[in-house]
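Visitor: Below: one structure in structure tokens.
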Amino acid sequence: MKCKYCPRALRTPESRARGYGPICGQKLGLIPKPTPRHGRTLTQVTPVMTGDVHLGQTAIPIQPQLPMEPDQ
């Protein structure tokens with residue numbers, strides 16, 4: 001089976017059911033463009049400077065662990 005909009009062959013069952021492939025679908029706005037799997041967070045990281053850090057090095061902040069409450 002061929003695409004409605006171009007001469008390419010339709011290979012997947014989804015494309016055959018729609019009547020057009022993902023390339024034509026994205027070009028015509030019928031299929032949304034894929035989103036990245038892992039988005040980068042835009043959180044700023046502030047370096048922690050202590051006396052133990054040498055010049056030119058940055059300390060890595062450590063997440064403190066809270067004590068567990070005893071079971072009652």
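In the structure tokens, chains take the letters A, B, ... in the order shown, each chain's residues start at 1, and ligands count up from 1 in the order shown.
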I'd like the neighbourhood of segment 28-39 of chain A as a list of chain:residue names, where a residue qualifies if any of its atoms comes within 12 Å (using only C-alpha atoms), though same-chain residues fewer than 6 positions away should be ignored.
Guide: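 Returned residues: A:Lys4, A:Tyr5, A:Cys6, A:Glu14, A:Ser15, A:Arg18, A:Gly19, A:Tyr20, A:Gly21, A:Pro22.
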